[in-house]
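**Student:** One structure, pasted below without further comment.
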Amino acid sequence: MAHKIEVIDRDDEVEAEDGQDILNALLEGGVEWMHACGGFCNCTTCRVKVEEGMDNLSPREQDEENTLKRFQGEEVLEGPFRLSCQAKVYGDVKISEPEWF
Ligand code: FES
């Protein structure tokens, strides 16, 4: 079953297979998205702000939290931010590109 990822600040929309990560769904759907480390949880350039549907994503694992903290500081974990290469989609979500750095 496919889910919908809406990129609200770009007026774009792609479909994701159940369990597919956001980054792959974006790229397959023709939406350009930064991913400097190639999707290996080792940068934060693939970051997204989750505007709606956080509960429809896999929870953050330790690796993702560590990378977010290392590059962006501890407080980023309190916000609705995800690494798109790590967040798996299990329902519809709305995202945007965060404005940090
Ligand atoms: S592409 Fe580098 S952390 Fe996702």
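Note on naming: chains are A, B, ... as they come in the structure tokens, residues start from 1 per chain, ligands start from 1 in the order shown.
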Give me the residues within 7 Å of segment 52-63 of chain A as a ChimeraX atom specification, counting only C-alpha atoms and dropping any in the same chain fewer than 3 places off.
**Tutor:** /A:66-67,87-95
**Student:** Create the file for the chosen residues now, containing N, CA, C and O atoms and written as a compact mmCIF listing (two decimals), in the first residue's frame.
**Tutor:**
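File written: out.txt
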```txt
# COMPACT_ATOMS: atom_id res chain seq x y z
N ASN A 66 21.96 10.33 17.47
CA ASN A 66 23.36 10.70 17.64
C ASN A 66 23.83 11.65 16.53
O ASN A 66 24.52 12.63 16.79
N THR A 67 23.45 11.34 15.30
CA THR A 67 23.86 12.18 14.17
C THR A 67 23.22 13.55 14.27
O THR A 67 23.89 14.58 14.09
N ALA A 87 13.93 7.79 8.25
CA ALA A 87 12.51 7.76 8.63
C ALA A 87 11.71 6.94 7.64
O ALA A 87 11.59 7.29 6.45
N LYS A 88 11.16 5.84 8.10
CA LYS A 88 10.37 4.97 7.22
C LYS A 88 8.89 5.37 7.29
O LYS A 88 8.38 5.70 8.35
N VAL A 89 8.26 5.27 6.15
CA VAL A 89 6.90 5.78 6.01
C VAL A 89 5.86 4.66 6.15
O VAL A 89 5.94 3.65 5.45
N TYR A 90 4.91 4.88 7.06
CA TYR A 90 3.83 3.90 7.26
C TYR A 90 2.45 4.53 7.16
O TYR A 90 1.46 3.93 7.56
N GLY A 91 2.40 5.75 6.67
CA GLY A 91 1.14 6.46 6.50
C GLY A 91 1.45 7.80 5.84
O GLY A 91 2.61 8.13 5.60
N ASP A 92 0.43 8.58 5.56
CA ASP A 92 0.65 9.87 4.89
C ASP A 92 1.39 10.85 5.79
O ASP A 92 1.15 10.90 7.01
N VAL A 93 2.27 11.64 5.20
CA VAL A 93 2.99 12.67 5.95
C VAL A 93 3.09 13.95 5.12
O VAL A 93 3.02 13.92 3.89
N LYS A 94 3.25 15.04 5.85
CA LYS A 94 3.55 16.33 5.21
C LYS A 94 4.87 16.80 5.77
O LYS A 94 5.07 16.80 7.00
N ILE A 95 5.77 17.20 4.86
CA ILE A 95 7.10 17.63 5.31
C ILE A 95 7.44 18.98 4.67
O ILE A 95 6.79 19.42 3.72
```
**Student:** From chain A, collect each residue whose DSSP state is alpha helix (DSSP H) and return the set as a list of chain:residue names.
**Tutor:** A:Ile22, A:Leu23, A:Asn24, A:Ala25, A:Leu26, A:Leu27, A:Glu28, A:Gln62, A:Asp63, A:Glu64, A:Glu65, A:Asn66, A:Thr67, A:Leu68, A:Lys69, A:Arg70, A:Phe71, A:Gln72
**Student:** Kindly provide the residues of chain A that approach ligand 1 to within 6 Å, each paired with its closest atom pair and their distance in Å to one decimal, based on only C-alpha atoms and all ligand atoms, listed by chain and increasing number, as a Markdown table.
**Tutor:**
```
| residue | atom | partner | partner_atom_place_in_ligand_line | distance |
| --- | --- | --- | --- | --- |
| A:His35 | CA | ligand 1 | 1 (S) | 3.6 |
| A:Ala36 | CA | ligand 1 | 2 (Fe) | 5.3 |
| A:Cys37 | CA | ligand 1 | 2 (Fe) | 4.1 |
| A:Gly38 | CA | ligand 1 | 1 (S) | 4.9 |
| A:Gly39 | CA | ligand 1 | 1 (S) | 3.6 |
| A:Phe40 | CA | ligand 1 | 2 (Fe) | 5.5 |
| A:Cys41 | CA | ligand 1 | 3 (S) | 3.5 |
| A:Asn42 | CA | ligand 1 | 3 (S) | 4.6 |
| A:Cys43 | CA | ligand 1 | 2 (Fe) | 3.9 |
| A:Thr44 | CA | ligand 1 | 3 (S) | 4.7 |
| A:Thr45 | CA | ligand 1 | 2 (Fe) | 5.8 |
| A:Cys46 | CA | ligand 1 | 4 (Fe) | 4.6 |
| A:Leu83 | CA | ligand 1 | 4 (Fe) | 5.3 |
| A:Ser84 | CA | ligand 1 | 4 (Fe) | 5.9 |
| A:Cys85 | CA | ligand 1 | 4 (Fe) | 4.4 |
```
**Student:** Taking only chain A into account, list the residues labelled strand (DSSP E or B) by DSSP (computed from the backbone), as an MDAnalysis selection string.
**Tutor:** chainID A and resid 2:7 12:17 21 47:52 57 81:83 88:89 93:96
**Student:** Compare A:Glu78, A:Arg70, A:Asp18, A:Arg10 by their minimum atom-to-atom distance to Glu97 of chain A, counting only C-alpha atoms, and give me the closest one.
**Tutor:**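 Ranking A:Glu78, A:Arg70, A:Asp18, A:Arg10 by distance to Glu97 of chain A, first place goes to A:Arg10.
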**Student:** Mind giving me the straight-line distance from atom CA of Ile8 of chain A to atom CA of Glu51 of chain A in Å, one decimal?
**Tutor:**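 Straight-line distance from atom CA of Ile8 of chain A to atom CA of Glu51 of chain A works out to 8.5 Å.
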**Student:** Please, what distance in Å, to one decimal, runs between atom CA of Lys49 of chain A and atom CA of Leu77 of chain A?
**Tutor:**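 So the two atoms, atom CA of Lys49 of chain A and atom CA of Leu77 of chain A, lie 11.5 Å apart.
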**Student:** Rounded to one decimal, what separation in Å do you get between atom CA of Glu15 of chain A and atom CA of Phe81 of chain A?
**Tutor:**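 Pair atom CA of Glu15 of chain A / atom CA of Phe81 of chain A returns 20.1 Å.
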**Student:** When you look at Asp11 of chain A with a cut-off of 10 Å (counting only C-alpha atoms), what residues show up, excluding the ones that are within fewer than 4 positions of it in the same chain? I need them as a list in words.
**Tutor:** Glu6, Val7 and Ser96 of chain A
**Student:** Suppose we keep all heavy atoms; can you now write the selection as a compact mmCIF listing (two decimals), in the first residue's frame?
**Tutor:**
```txt
# COMPACT_ATOMS: atom_id res chain seq x y z
N GLU A 6 3.74 14.72 1.13
CA GLU A 6 3.53 16.04 0.55
C GLU A 6 4.66 16.96 1.02
O GLU A 6 4.93 17.05 2.22
CB GLU A 6 2.18 16.57 1.06
CG GLU A 6 1.54 17.55 0.13
CD GLU A 6 0.15 17.94 0.63
OE1 GLU A 6 -0.59 17.03 1.09
OE2 GLU A 6 -0.17 19.13 0.60
N VAL A 7 5.33 17.60 0.07
CA VAL A 7 6.39 18.56 0.41
C VAL A 7 5.77 19.94 0.32
O VAL A 7 5.66 20.52 -0.76
CB VAL A 7 7.59 18.44 -0.56
CG1 VAL A 7 8.77 19.27 -0.05
CG2 VAL A 7 8.01 16.99 -0.75
N SER A 96 8.51 19.60 5.22
CA SER A 96 9.08 20.78 4.58
C SER A 96 10.58 20.73 4.82
O SER A 96 11.08 19.88 5.55
CB SER A 96 8.46 22.06 5.15
OG SER A 96 8.79 22.17 6.52
```
**Student:** Nearest residue to Glu99 of chain A out of A:Glu74, A:Val48, A:Leu23, A:Arg82, using only C-alpha atoms?
**Tutor:** A:Val48
